[in-house]
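**Student:** Data: coords24.pdb, PDB, C-alpha atoms.
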```
MODEL        1
ATOM      1  CA  GLN A   1      -6.037  -2.900 -28.885
ATOM      2  CA  LYS A   2      -9.255  -2.155 -27.086
ATOM      3  CA  GLU A   3      -8.886   0.815 -24.770
ATOM      4  CA  VAL A   4     -10.834   2.524 -22.054
ATOM      5  CA  GLU A   5      -9.684   6.025 -21.245
ATOM      6  CA  GLN A   6     -10.263   8.014 -18.085
ATOM      7  CA  ASN A   7      -8.766  11.200 -16.742
ATOM      8  CA  SER A   8      -6.694  10.158 -13.737
ATOM      9  CA  GLY A   9      -7.531  13.315 -11.788
ATOM     10  CA  PRO A  10      -7.669  14.085  -9.000
ATOM     11  CA  LEU A  11     -11.048  15.648  -9.526
ATOM     12  CA  SER A  12     -11.855  17.872  -6.578
ATOM     13  CA  VAL A  13     -15.403  18.975  -5.858
ATOM     14  CA  PRO A  14     -16.904  20.681  -2.814
ATOM     15  CA  GLU A  15     -19.300  18.784  -0.594
ATOM     16  CA  GLY A  16     -22.819  18.945  -1.973
ATOM     17  CA  ALA A  17     -21.747  19.577  -5.557
ATOM     18  CA  ILE A  18     -22.211  17.328  -8.575
ATOM     19  CA  ALA A  19     -19.193  15.264  -9.545
ATOM     20  CA  SER A  20     -18.932  14.324 -13.213
ATOM     21  CA  LEU A  21     -16.702  11.449 -14.229
ATOM     22  CA  ASN A  22     -16.093  10.614 -17.869
ATOM     23  CA  CYS A  23     -14.883   7.593 -19.779
ATOM     24  CA  THR A  24     -14.317   6.918 -23.470
ATOM     25  CA  TYR A  25     -13.833   3.568 -25.133
ATOM     26  CA  SER A  26     -12.426   2.489 -28.441
ATOM     27  CA  ASP A  27     -14.384  -0.647 -29.294
ATOM     28  CA  ARG A  28     -17.465   0.542 -31.122
ATOM     29  CA  VAL A  29     -19.312  -2.770 -30.675
ATOM     30  CA  SER A  30     -19.048  -2.803 -26.883
ATOM     31  CA  GLN A  31     -22.426  -3.439 -25.280
ATOM     32  CA  SER A  32     -22.035  -3.496 -21.528
ATOM     33  CA  PHE A  33     -20.609  -0.763 -19.340
ATOM     34  CA  PHE A  34     -19.891  -0.619 -15.644
ATOM     35  CA  TRP A  35     -18.798   1.833 -13.005
ATOM     36  CA  TYR A  36     -16.897   0.579  -9.977
ATOM     37  CA  ARG A  37     -15.748   2.478  -6.919
ATOM     38  CA  GLN A  38     -12.472   1.574  -5.257
ATOM     39  CA  TYR A  39     -11.386   2.943  -1.926
ATOM     40  CA  SER A  40      -7.676   3.016  -1.209
ATOM     41  CA  GLY A  41      -6.444  -0.437  -0.231
ATOM     42  CA  LYS A  42      -9.783  -2.084  -1.004
ATOM     43  CA  SER A  43     -11.182  -4.009  -3.936
ATOM     44  CA  PRO A  44     -13.608  -2.482  -6.445
ATOM     45  CA  GLU A  45     -17.302  -2.454  -5.699
ATOM     46  CA  LEU A  46     -19.978  -2.210  -8.350
ATOM     47  CA  ILE A  47     -21.914   1.040  -8.487
ATOM     48  CA  MET A  48     -23.877   0.758 -11.694
ATOM     49  CA  SER A  49     -24.176  -1.012 -14.982
ATOM     50  CA  ILE A  50     -25.653   0.460 -18.152
ATOM     51  CA  TYR A  51     -26.432  -1.174 -21.453
ATOM     52  CA  SER A  52     -28.636   1.261 -23.429
ATOM     53  CA  ASN A  53     -28.147   4.789 -24.655
ATOM     54  CA  GLY A  54     -29.408   7.448 -22.294
ATOM     55  CA  ASP A  55     -29.462   7.894 -18.556
ATOM     56  CA  LYS A  56     -29.834   5.407 -15.753
ATOM     57  CA  GLU A  57     -30.392   6.680 -12.241
ATOM     58  CA  ASP A  58     -29.804   4.922  -8.932
ATOM     59  CA  GLY A  59     -30.037   7.128  -5.872
ATOM     60  CA  ARG A  60     -27.433   9.866  -6.098
ATOM     61  CA  PHE A  61     -25.748   8.203  -9.057
ATOM     62  CA  THR A  62     -26.621   8.639 -12.725
ATOM     63  CA  ALA A  63     -24.846   6.788 -15.509
ATOM     64  CA  GLN A  64     -25.032   8.206 -19.000
ATOM     65  CA  LEU A  65     -24.214   6.267 -22.153
ATOM     66  CA  ASN A  66     -23.715   7.586 -25.662
ATOM     67  CA  LYS A  67     -22.703   4.771 -27.980
ATOM     68  CA  ALA A  68     -22.450   7.009 -31.051
ATOM     69  CA  SER A  69     -19.810   9.119 -29.331
ATOM     70  CA  GLN A  70     -18.391   6.138 -27.457
ATOM     71  CA  TYR A  71     -18.477   7.627 -24.015
ATOM     72  CA  VAL A  72     -20.003   6.765 -20.718
ATOM     73  CA  SER A  73     -20.170   9.060 -17.721
ATOM     74  CA  LEU A  74     -21.103   8.919 -14.062
ATOM     75  CA  LEU A  75     -22.707  11.791 -12.205
ATOM     76  CA  ILE A  76     -22.711  11.874  -8.437
ATOM     77  CA  ARG A  77     -25.193  14.326  -6.971
ATOM     78  CA  ASP A  78     -24.833  15.869  -3.528
ATOM     79  CA  SER A  79     -21.265  14.616  -3.272
ATOM     80  CA  GLN A  80     -20.155  13.547   0.172
ATOM     81  CA  PRO A  81     -16.660  13.137   1.626
ATOM     82  CA  SER A  82     -17.372   9.393   1.733
ATOM     83  CA  ASP A  83     -17.573   9.456  -2.062
ATOM     84  CA  SER A  84     -13.842  10.209  -2.188
ATOM     85  CA  ALA A  85     -12.392   7.226  -4.001
ATOM     86  CA  THR A  86     -11.113   6.085  -7.359
ATOM     87  CA  TYR A  87     -13.837   5.386  -9.896
ATOM     88  CA  LEU A  88     -13.171   2.741 -12.498
ATOM     89  CA  CYS A  89     -14.960   2.546 -15.818
ATOM     90  CA  ALA A  90     -15.192  -0.934 -17.327
ATOM     91  CA  VAL A  91     -16.340  -2.111 -20.712
ATOM     92  CA  LYS A  92     -17.217  -5.649 -21.667
ATOM     93  CA  GLU A  93     -15.727  -6.890 -24.891
ATOM     94  CA  LEU A  94     -18.377  -8.215 -27.215
ATOM     95  CA  THR A  95     -16.360 -10.658 -29.254
ATOM     96  CA  GLY A  96     -13.375 -12.789 -28.506
ATOM     97  CA  GLY A  97     -13.156 -11.470 -24.983
ATOM     98  CA  GLY A  98     -14.542 -14.416 -23.069
ATOM     99  CA  ASN A  99     -16.718 -12.086 -21.000
ATOM    100  CA  LYS A 100     -13.763 -10.192 -19.626
ATOM    101  CA  LEU A 101     -13.906  -6.512 -18.795
ATOM    102  CA  THR A 102     -11.471  -3.878 -19.934
ATOM    103  CA  PHE A 103     -10.858  -1.334 -17.185
ATOM    104  CA  GLY A 104      -9.799   2.251 -17.389
ATOM    105  CA  THR A 105      -7.053   3.452 -15.093
ATOM    106  CA  GLY A 106      -9.588   5.210 -12.912
ATOM    107  CA  THR A 107     -10.380   8.763 -11.874
ATOM    108  CA  GLN A 108      -9.556   9.828  -8.345
ATOM    109  CA  LEU A 109     -12.355  11.875  -6.829
ATOM    110  CA  LYS A 110     -11.842  14.083  -3.805
ATOM    111  CA  VAL A 111     -14.861  15.618  -2.130
ATOM    112  CA  GLU A 112     -13.775  18.500   0.040
ATOM    113  CA  LEU A 113     -15.519  19.874   3.107
TER     114      LEU A 113
ATOM    115  CA  GLY B   1     -26.612  -8.835  -3.382
ATOM    116  CA  ALA B   2     -23.909 -10.983  -4.887
ATOM    117  CA  VAL B   3     -21.127 -11.693  -2.421
ATOM    118  CA  VAL B   4     -17.662 -12.941  -3.221
ATOM    119  CA  SER B   5     -15.225 -13.925  -0.514
ATOM    120  CA  GLN B   6     -11.479 -14.365  -0.639
ATOM    121  CA  HIS B   7      -9.175 -16.114   1.755
ATOM    122  CA  PRO B   8      -6.740 -15.242   3.147
ATOM    123  CA  SER B   9      -7.060 -11.463   3.225
ATOM    124  CA  ARG B  10      -3.375 -11.029   3.935
ATOM    125  CA  VAL B  11      -0.395 -13.328   3.736
ATOM    126  CA  ILE B  12       3.287 -12.870   4.390
ATOM    127  CA  CYS B  13       5.610 -15.603   3.217
ATOM    128  CA  LYS B  14       9.253 -16.330   2.592
ATOM    129  CA  SER B  15      10.719 -16.299  -0.897
ATOM    130  CA  GLY B  16      10.403 -19.674  -2.589
ATOM    131  CA  THR B  17       7.226 -20.804  -0.887
ATOM    132  CA  SER B  18       3.861 -21.323  -2.571
ATOM    133  CA  VAL B  19       0.723 -19.502  -1.591
ATOM    134  CA  LYS B  20      -2.846 -20.546  -2.327
ATOM    135  CA  ILE B  21      -5.671 -18.001  -2.489
ATOM    136  CA  GLU B  22      -9.313 -19.063  -2.509
ATOM    137  CA  CYS B  23     -12.166 -17.200  -4.139
ATOM    138  CA  ARG B  24     -15.758 -18.173  -3.416
ATOM    139  CA  SER B  25     -19.090 -16.919  -4.674
ATOM    140  CA  LEU B  26     -21.340 -17.186  -1.636
ATOM    141  CA  ASP B  27     -24.851 -16.684  -2.966
ATOM    142  CA  PHE B  28     -24.666 -17.338  -6.674
ATOM    143  CA  GLN B  29     -23.125 -19.699  -9.154
ATOM    144  CA  ALA B  30     -20.155 -18.319 -11.009
ATOM    145  CA  THR B  31     -19.454 -19.970 -14.308
ATOM    146  CA  THR B  32     -16.527 -17.639 -14.830
ATOM    147  CA  MET B  33     -14.082 -16.200 -12.353
ATOM    148  CA  PHE B  34     -11.313 -13.749 -13.025
ATOM    149  CA  TRP B  35      -8.023 -13.119 -11.274
ATOM    150  CA  TYR B  36      -6.515  -9.656 -11.182
ATOM    151  CA  ARG B  37      -3.369  -8.176  -9.743
ATOM    152  CA  GLN B  38      -2.975  -4.581  -8.678
ATOM    153  CA  PHE B  39       0.278  -2.864  -7.785
ATOM    154  CA  PRO B  40       0.215   0.319  -5.667
ATOM    155  CA  LYS B  41      -1.321   3.308  -7.435
ATOM    156  CA  GLN B  42      -1.878   1.273 -10.599
ATOM    157  CA  SER B  43      -5.003  -0.040 -12.220
ATOM    158  CA  LEU B  44      -6.271  -3.591 -12.207
ATOM    159  CA  MET B  45      -4.386  -6.015 -14.400
ATOM    160  CA  LEU B  46      -6.262  -9.099 -15.527
ATOM    161  CA  MET B  47      -4.132 -12.185 -15.062
ATOM    162  CA  ALA B  48      -6.449 -14.960 -16.176
ATOM    163  CA  THR B  49      -9.998 -16.025 -16.853
ATOM    164  CA  SER B  50     -11.170 -19.200 -15.196
ATOM    165  CA  ASN B  51     -14.149 -21.211 -16.412
ATOM    166  CA  GLU B  52     -15.583 -23.972 -14.282
ATOM    167  CA  GLY B  53     -14.328 -27.365 -15.335
ATOM    168  CA  SER B  54     -11.868 -26.168 -17.951
ATOM    169  CA  LYS B  55      -8.355 -24.783 -18.138
ATOM    170  CA  ALA B  56      -7.826 -21.139 -17.368
ATOM    171  CA  THR B  57      -7.037 -18.633 -20.096
ATOM    172  CA  TYR B  58      -4.027 -16.538 -19.202
ATOM    173  CA  GLU B  59      -3.324 -13.009 -20.360
ATOM    174  CA  GLN B  60      -0.210 -12.294 -22.331
ATOM    175  CA  GLY B  61       2.855 -12.166 -20.146
ATOM    176  CA  VAL B  62       1.354 -14.129 -17.246
ATOM    177  CA  GLU B  63       3.199 -17.376 -16.557
ATOM    178  CA  LYS B  64       0.683 -20.184 -16.296
ATOM    179  CA  ASP B  65       3.172 -22.457 -14.542
ATOM    180  CA  LYS B  66       3.800 -19.869 -11.867
ATOM    181  CA  PHE B  67       0.190 -18.837 -11.299
ATOM    182  CA  LEU B  68      -1.830 -22.030 -11.111
ATOM    183  CA  ILE B  69      -5.575 -21.624 -11.342
ATOM    184  CA  ASN B  70      -8.168 -24.236 -10.538
ATOM    185  CA  HIS B  71     -11.917 -23.764 -10.906
ATOM    186  CA  ALA B  72     -13.312 -27.047  -9.727
ATOM    187  CA  SER B  73     -16.850 -25.952  -8.874
ATOM    188  CA  LEU B  74     -19.334 -23.229  -9.679
ATOM    189  CA  THR B  75     -18.540 -21.454  -6.434
ATOM    190  CA  LEU B  76     -14.812 -21.910  -5.927
ATOM    191  CA  SER B  77     -11.661 -20.918  -7.792
ATOM    192  CA  THR B  78      -8.135 -21.013  -6.425
ATOM    193  CA  LEU B  79      -4.961 -19.211  -7.428
ATOM    194  CA  THR B  80      -1.656 -20.679  -6.341
ATOM    195  CA  VAL B  81       1.429 -18.527  -6.600
ATOM    196  CA  THR B  82       4.253 -21.033  -6.877
ATOM    197  CA  SER B  83       7.785 -20.306  -5.714
ATOM    198  CA  ALA B  84       6.856 -16.774  -4.792
ATOM    199  CA  HIS B  85       9.446 -14.017  -5.024
ATOM    200  CA  PRO B  86       9.425 -10.450  -3.694
ATOM    201  CA  GLU B  87       8.355  -9.119  -7.091
ATOM    202  CA  ASP B  88       5.150 -11.172  -6.745
ATOM    203  CA  SER B  89       4.155  -9.023  -3.791
ATOM    204  CA  SER B  90       0.900  -7.386  -4.813
ATOM    205  CA  PHE B  91      -2.827  -7.117  -4.179
ATOM    206  CA  TYR B  92      -4.567 -10.095  -5.774
ATOM    207  CA  ILE B  93      -8.282  -9.719  -6.425
ATOM    208  CA  CYS B  94     -10.733 -12.222  -7.805
ATOM    209  CA  SER B  95     -14.077 -11.516  -9.354
ATOM    210  CA  ALA B  96     -16.960 -13.757 -10.243
ATOM    211  CA  ARG B  97     -19.451 -13.453 -13.050
ATOM    212  CA  GLU B  98     -22.931 -14.700 -12.339
ATOM    213  CA  ALA B  99     -24.220 -17.133 -14.919
ATOM    214  CA  GLY B 100     -26.326 -15.396 -17.556
ATOM    215  CA  THR B 101     -25.076 -11.896 -16.766
ATOM    216  CA  ASP B 102     -22.151  -9.679 -17.699
ATOM    217  CA  THR B 103     -21.608  -8.271 -14.239
ATOM    218  CA  GLN B 104     -18.491  -9.097 -12.257
ATOM    219  CA  TYR B 105     -18.518  -8.941  -8.482
ATOM    220  CA  PHE B 106     -15.182  -8.568  -6.762
ATOM    221  CA  GLY B 107     -13.820 -10.311  -3.721
ATOM    222  CA  PRO B 108     -12.172  -8.225  -1.000
ATOM    223  CA  GLY B 109      -8.674  -9.038  -2.233
ATOM    224  CA  THR B 110      -5.595 -10.738  -0.829
ATOM    225  CA  ARG B 111      -2.513  -8.725  -0.030
ATOM    226  CA  LEU B 112       0.563 -10.857  -0.601
ATOM    227  CA  THR B 113       3.933  -9.863   0.773
ATOM    228  CA  VAL B 114       6.926 -12.022  -0.119
ATOM    229  CA  LEU B 115       9.983 -11.451   2.010
TER     230      LEU B 115
ENDMDL
END
```
What's the structure tokens form of this structure?
**Tutor:**
Amino acid sequence: QKEVEQNSGPLSVPEGAIASLNCTYSDRVSQSFFWYRQYSGKSPELIMSIYSNGDKEDGRFTAQLNKASQYVSLLIRDSQPSDSATYLCAVKELTGGGNKLTFGTGTQLKVEL
Amino acid sequence: GAVVSQHPSRVICKSGTSVKIECRSLDFQATTMFWYRQFPKQSLMLMATSNEGSKATYEQGVEKDKFLINHASLTLSTLTVTSAHPEDSSFYICSAREAGTDTQYFGPGTRLTVL
């Protein structure tokens, strides 16, 4: 059973702070990792993808991947109230998955004024 | 960027009727499309994987005769909920994978309410 684990939260951070969201996965051979943001009542939207160990930055977002420890994280700098949403971590199965993604249950982020 | 549309965005129907939901990739070819269902305050649940020109692969516990999927072209997949019942009320979301990539782009979702 391939699993993707996230803390459900809510994670509360003050406006302007750094929000750190973490995700662990069980399938050691996973190769592709994604972060999606989902506002209440809406569908997920892609924030970032990461494939190699290390950091990948895009604006205020930084994804970090550590395959040896099997975790991927998302940092949001200068958090804004509009960042309040549920953040989904997704991992692509390498074999036998037919390109499907396994999603975590999501972490709810609340950015407070 | 990659855009995926879904139609309708919201549908209310009587128990026993069938409902068809369309998913289109607007600016890219999608060799694979996925159908998810999401109940309130729960995570996404993959229902089936749809490859263009072939039969869909359903996840365990999903009735293929109740949720009919057709993927007739590289830009269009449809999900038909047959003989819908109130327990089928949910948020149905499709996603499309661009050929040659791993990334899935989601449609805006269809909220189905069965009375």
**Student:** Enumerate as a PDB file with C-alpha atoms, keeping the file's coordinate frame the residues belonging to chain A that approach chain B to within 8 Å, with all atoms listed in the file taken into account.
**Tutor:**
```
ATOM      1  CA  SER A  32     -22.035  -3.496 -21.528  1.00  0.00           C
ATOM      2  CA  PHE A  34     -19.891  -0.619 -15.644  1.00  0.00           C
ATOM      3  CA  LYS A  42      -9.783  -2.084  -1.004  1.00  0.00           C
ATOM      4  CA  SER A  43     -11.182  -4.009  -3.936  1.00  0.00           C
ATOM      5  CA  PRO A  44     -13.608  -2.482  -6.445  1.00  0.00           C
ATOM      6  CA  GLU A  45     -17.302  -2.454  -5.699  1.00  0.00           C
ATOM      7  CA  LEU A  46     -19.978  -2.210  -8.350  1.00  0.00           C
ATOM      8  CA  SER A  49     -24.176  -1.012 -14.982  1.00  0.00           C
ATOM      9  CA  LYS A  92     -17.217  -5.649 -21.667  1.00  0.00           C
ATOM     10  CA  GLY A  98     -14.542 -14.416 -23.069  1.00  0.00           C
ATOM     11  CA  ASN A  99     -16.718 -12.086 -21.000  1.00  0.00           C
ATOM     12  CA  LYS A 100     -13.763 -10.192 -19.626  1.00  0.00           C
ATOM     13  CA  PHE A 103     -10.858  -1.334 -17.185  1.00  0.00           C
ATOM     14  CA  GLY A 104      -9.799   2.251 -17.389  1.00  0.00           C
ATOM     15  CA  THR A 105      -7.053   3.452 -15.093  1.00  0.00           C
ATOM     16  CA  GLY A 106      -9.588   5.210 -12.912  1.00  0.00           C
TER      17      GLY A 106
END
```
**Student:** How many Å separate atom CA of A:Gly41 from atom CA of A:Ala63?
**Tutor:**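 So the answer is 25.0 Å.
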**Student:** Calculate how many Å separate atom CA of A:Asn7 from atom CA of B:Ser89, rounding to one decimal.
**Tutor:** 27.3 Å
**Student:** Quick one: apply the PyMOL selection byres ((chain A and resi 23-27) around 12) to the file and drop the selected residues here as number ranges by chain.
**Tutor:** A: 1-8, 20-22, 28-35, 63-75, 87-95, 97, 101-107
**Student:** Rounded to one decimal, what separation in Å do you get between atom CA of B:Ala72 and atom CA of B:Asp88?
**Tutor:**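 Computing the Euclidean distance for atom CA of B:Ala72 and atom CA of B:Asp88 yields 24.5 Å.
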**Student:** Quick one: which residues end up in the PyMOL selection byres ((chain B and resi 7-12) around 9) for this structure, as a ChimeraX atom specification?
**Tutor:** /B:5-6,13-14,19-24,108-115
**Student:** Which centre and edge lengths in Å to one decimal define the box along x, y and z that fits every listed atom of stretch 25-38 of chain A plus 3 Å per side, as JSON?
**Tutor:**
```
{"center_x": -17.4, "center_y": 0.0, "center_z": -18.2, "size_x": 16.0, "size_y": 13.1, "size_z": 31.9}
```
**Student:** Rank A:Leu109, A:Ile50, A:Ile76, A:Ala85 by their smallest atom-to-atom distance to A:Pro10, using only C-alpha atoms, and report the top residue only.
**Tutor:**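 Checking each candidate against A:Pro10, we get A:Leu109 as the closest.
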**Student:** Translate the PyMOL selection byres ((chain A and resi 18) around 6), as applied to the file shown, into an explicit residue set as a PyMOL selection string.
**Tutor:** chain A and resi 17+19+76-78
**Student:** Using all atoms listed in the file, determine which residues lie at most 9 Å from B:Phe67, disregarding the query and same-chain residues fewer than 6 positions distant; provide the list as an MDAnalysis selection string.
**Tutor:** chainID B and resid 47 79:82
